[in-house]
Amino acid sequence: MRAFKNGLLLPLGLLLFWYLVTALHLFSPYLLPSPGTTLQSLGELCASGALPHHLAISLERVFSGFLLSCLAAIPLGILCGRSRAFESYCWPLLEFLRHVPPLACIPLIILWTGIGEASKLTIIFLASFFPLFLNTYSGIRNCDPKLLEVGRSLNFSESTQVRHIQLPAALDAIAVGLQLSLGYSWRALIGAELIAASAGIGYLILDAEQMSRPDIVLVGMLCIGIIGSLIDSIFLNVLNRLLPWRQKAGDAHA
């Protein structure tokens, strides 16, 4: 509780600073709307249903891209971590793609997939794939060799070793990868919705910018930060329930 209260000090201080700057008219309202104006715009967007509509579409895109990333990154990370031969074929290409920013691929993605939902999901997928893949690969590769030796002495098959030794040992690393991947999915959302979107929180911000509505731009930015923090908090709580030793380890370090 004390940490929570301390964590509120800086945001409240920034809010007070924002109010004072706008109250003293140090900036034009066109450049920096007041907190009151921004709050009024938030209320209007909520009352009209526009903000919930855009947020729902954005969340659907984020979770769809994140799910696709999980379906591809975890199996591929396990295969690369388990098989030196498979790693030798895949790693050079994956290492090349890892250093190419997803936003740099937008022209080709539009050319290949059009301007529909597929292009947006592709951007989110590319942004969220590598954190999860690398953490899964690291978790599998760094499994204690002594545990694998025990498995071989018990005549475990390759699939049994993966299920009962390597995957449990890699769960913490995979959990970190899932958290990072979900965060990258949310951050890539705006870039994804730059691609001729007609709805979504990124579209709302871009449309407000074109309509010279900085108050709505601020509403969109605040929503992105707040919703992203809520998603991360909920996800961590779910992980701590599924992997209770993570919570105990966190308490021990506190």
# chains A, B, ... in the order shown; residues from 1 in each chain; ligands from 1
$ residues_around --residues "stretch 189-198 of chain A" --least-positions-apart "3" --cutoff "8 Å" --atoms "only C-alpha atoms" --output "list of chain:residue names"
A:Ser58, A:Arg61, A:Val62, A:Leu103, A:Ile106, A:Ile110, A:Ile115, A:Gly116, A:Ser119, A:Lys120, A:Leu121, A:Ile123, A:Ile124, A:Ser185, A:Trp186, A:Ile201, A:Gly202, A:Tyr203, A:Leu206
$ write_last_selection --atoms "N, CA and C atoms" --output "compact mmCIF listing (two decimals), in the first residue's frame"
# COMPACT_ATOMS: atom_id res chain seq x y z
N SER A 58 -9.14 -1.93 -30.89
CA SER A 58 -7.69 -1.99 -30.67
C SER A 58 -7.31 -3.19 -29.82
N ARG A 61 -7.39 -6.36 -31.81
CA ARG A 61 -6.22 -6.49 -32.67
C ARG A 61 -4.99 -6.92 -31.87
N VAL A 62 -4.81 -6.29 -30.71
CA VAL A 62 -3.64 -6.59 -29.89
C VAL A 62 -3.64 -8.05 -29.46
N LEU A 103 8.00 -1.33 -38.23
CA LEU A 103 7.47 -0.17 -38.96
C LEU A 103 8.20 0.04 -40.28
N ILE A 106 6.39 -1.68 -43.21
CA ILE A 106 5.01 -1.31 -43.55
C ILE A 106 4.75 -1.26 -45.06
N ILE A 110 1.94 -3.72 -46.66
CA ILE A 110 0.76 -3.22 -47.39
C ILE A 110 0.70 -3.86 -48.78
N ILE A 115 -4.56 -3.42 -47.12
CA ILE A 115 -4.73 -2.44 -46.04
C ILE A 115 -5.79 -2.90 -45.05
N GLY A 116 -6.14 -4.18 -45.08
CA GLY A 116 -7.14 -4.70 -44.16
C GLY A 116 -6.54 -5.08 -42.82
N SER A 119 -2.75 -6.71 -42.39
CA SER A 119 -1.55 -5.88 -42.30
C SER A 119 -1.31 -5.41 -40.86
N LYS A 120 -2.38 -5.08 -40.16
CA LYS A 120 -2.23 -4.62 -38.77
C LYS A 120 -1.79 -5.77 -37.87
N LEU A 121 -2.38 -6.94 -38.07
CA LEU A 121 -2.00 -8.11 -37.27
C LEU A 121 -0.55 -8.49 -37.55
N ILE A 123 1.96 -6.46 -38.30
CA ILE A 123 2.82 -5.52 -37.57
C ILE A 123 2.90 -5.91 -36.10
N ILE A 124 1.75 -6.18 -35.48
CA ILE A 124 1.73 -6.56 -34.07
C ILE A 124 2.46 -7.88 -33.86
N SER A 185 3.20 -5.79 -28.11
CA SER A 185 1.98 -5.82 -28.93
C SER A 185 1.20 -4.53 -28.77
N TRP A 186 1.05 -4.08 -27.52
CA TRP A 186 0.30 -2.86 -27.26
C TRP A 186 1.01 -1.63 -27.82
N ILE A 201 -7.78 3.00 -31.39
CA ILE A 201 -7.29 4.14 -30.61
C ILE A 201 -6.22 4.91 -31.39
N GLY A 202 -5.43 4.21 -32.21
CA GLY A 202 -4.44 4.89 -33.05
C GLY A 202 -5.12 5.76 -34.09
N TYR A 203 -6.19 5.23 -34.70
CA TYR A 203 -6.95 6.02 -35.66
C TYR A 203 -7.56 7.25 -34.99
N LEU A 206 -4.82 9.86 -34.65
CA LEU A 206 -4.45 10.45 -35.94
C LEU A 206 -5.55 11.34 -36.49
$ residues_around --residues "A:Asp215" --least-positions-apart "4" --cutoff "8 Å" --atoms "only C-alpha atoms" --output "NGL selection string"
:A and (32-33 or 37-38 or 41 or 219)
$ atom_distance --atom1 "atom CA of A:Leu39" --atom2 "atom CA of A:Ile226"
14.3 Å
$ closest_residue --among "A:Leu218, A:Ala169, A:Leu15, A:Ile74" --to "A:Leu31" --atoms "only C-alpha atoms"
A:Leu218
$ closest_residue --among "A:Phe235, A:Tyr137, A:Phe27, A:Phe130" --to "A:Ser83" --atoms "only C-alpha atoms"
A:Tyr137
$ atom_distance --atom1 "atom CA of A:Val217" --atom2 "atom CA of A:Leu8"
23.1 Å
$ atom_distance --atom1 "atom CA of A:Ile174" --atom2 "atom CA of A:Thr136"
5.0 Å
$ select_by_dssp --residues "stretch 3-239 of chain A" --states "helix (DSSP H, G or I)" --output "ChimeraX atom specification"
/A:3-23,35-48,50-82,84-98,102-113,117-141,145-153,158-187,189-193,201-210,214-239
$ decode --residues "stretch 97-150 of chain A" --atoms "C-alpha atoms" --output "PDB file, in the first residue's frame"
ATOM      1  CA  LEU A  97      14.629 -10.179 -39.021  1.00  0.00           C
ATOM      2  CA  ARG A  98      15.054  -9.306 -35.334  1.00  0.00           C
ATOM      3  CA  HIS A  99      17.037  -6.196 -36.252  1.00  0.00           C
ATOM      4  CA  VAL A 100      14.520  -4.929 -38.818  1.00  0.00           C
ATOM      5  CA  PRO A 101      11.961  -2.634 -37.120  1.00  0.00           C
ATOM      6  CA  PRO A 102       8.384  -3.725 -37.943  1.00  0.00           C
ATOM      7  CA  LEU A 103       7.469  -0.170 -38.965  1.00  0.00           C
ATOM      8  CA  ALA A 104      10.181  -0.299 -41.636  1.00  0.00           C
ATOM      9  CA  CYS A 105       8.289  -3.213 -43.185  1.00  0.00           C
ATOM     10  CA  ILE A 106       5.007  -1.308 -43.551  1.00  0.00           C
ATOM     11  CA  PRO A 107       5.350  -0.599 -47.318  1.00  0.00           C
ATOM     12  CA  LEU A 108       6.014  -4.277 -48.085  1.00  0.00           C
ATOM     13  CA  ILE A 109       3.328  -5.450 -45.678  1.00  0.00           C
ATOM     14  CA  ILE A 110       0.757  -3.223 -47.395  1.00  0.00           C
ATOM     15  CA  LEU A 111       1.919  -4.523 -50.773  1.00  0.00           C
ATOM     16  CA  TRP A 112       1.652  -8.169 -49.685  1.00  0.00           C
ATOM     17  CA  THR A 113      -1.403  -8.155 -47.412  1.00  0.00           C
ATOM     18  CA  GLY A 114      -3.337  -5.043 -48.433  1.00  0.00           C
ATOM     19  CA  ILE A 115      -4.726  -2.444 -46.038  1.00  0.00           C
ATOM     20  CA  GLY A 116      -7.141  -4.699 -44.156  1.00  0.00           C
ATOM     21  CA  GLU A 117      -6.805  -6.356 -40.766  1.00  0.00           C
ATOM     22  CA  ALA A 118      -4.069  -8.714 -41.974  1.00  0.00           C
ATOM     23  CA  SER A 119      -1.551  -5.876 -42.300  1.00  0.00           C
ATOM     24  CA  LYS A 120      -2.233  -4.622 -38.772  1.00  0.00           C
ATOM     25  CA  LEU A 121      -2.000  -8.108 -37.270  1.00  0.00           C
ATOM     26  CA  THR A 122       1.279  -8.646 -39.120  1.00  0.00           C
ATOM     27  CA  ILE A 123       2.825  -5.524 -37.574  1.00  0.00           C
ATOM     28  CA  ILE A 124       1.727  -6.562 -34.069  1.00  0.00           C
ATOM     29  CA  PHE A 125       2.943 -10.118 -34.680  1.00  0.00           C
ATOM     30  CA  LEU A 126       6.397  -8.951 -35.804  1.00  0.00           C
ATOM     31  CA  ALA A 127       6.735  -6.619 -32.819  1.00  0.00           C
ATOM     32  CA  SER A 128       5.759  -9.267 -30.250  1.00  0.00           C
ATOM     33  CA  PHE A 129       7.364 -12.391 -31.740  1.00  0.00           C
ATOM     34  CA  PHE A 130      11.031 -11.975 -30.826  1.00  0.00           C
ATOM     35  CA  PRO A 131      10.765 -11.193 -27.086  1.00  0.00           C
ATOM     36  CA  LEU A 132       8.789 -14.399 -26.590  1.00  0.00           C
ATOM     37  CA  PHE A 133      10.899 -16.468 -28.968  1.00  0.00           C
ATOM     38  CA  LEU A 134      14.211 -15.410 -27.400  1.00  0.00           C
ATOM     39  CA  ASN A 135      13.008 -15.994 -23.839  1.00  0.00           C
ATOM     40  CA  THR A 136      11.611 -19.404 -24.736  1.00  0.00           C
ATOM     41  CA  TYR A 137      14.843 -20.321 -26.511  1.00  0.00           C
ATOM     42  CA  SER A 138      16.933 -19.117 -23.561  1.00  0.00           C
ATOM     43  CA  GLY A 139      14.788 -21.001 -21.042  1.00  0.00           C
ATOM     44  CA  ILE A 140      15.040 -24.278 -22.977  1.00  0.00           C
ATOM     45  CA  ARG A 141      18.739 -23.909 -23.728  1.00  0.00           C
ATOM     46  CA  ASN A 142      19.677 -23.018 -20.130  1.00  0.00           C
ATOM     47  CA  CYS A 143      17.947 -26.017 -18.582  1.00  0.00           C
ATOM     48  CA  ASP A 144      20.182 -27.686 -15.973  1.00  0.00           C
ATOM     49  CA  PRO A 145      22.199 -30.411 -17.781  1.00  0.00           C
ATOM     50  CA  LYS A 146      21.993 -32.560 -14.657  1.00  0.00           C
ATOM     51  CA  LEU A 147      18.217 -32.717 -14.985  1.00  0.00           C
ATOM     52  CA  LEU A 148      18.544 -33.818 -18.607  1.00  0.00           C
ATOM     53  CA  GLU A 149      21.058 -36.451 -17.552  1.00  0.00           C
ATOM     54  CA  VAL A 150      18.555 -37.795 -15.032  1.00  0.00           C
TER      55      VAL A 150
END
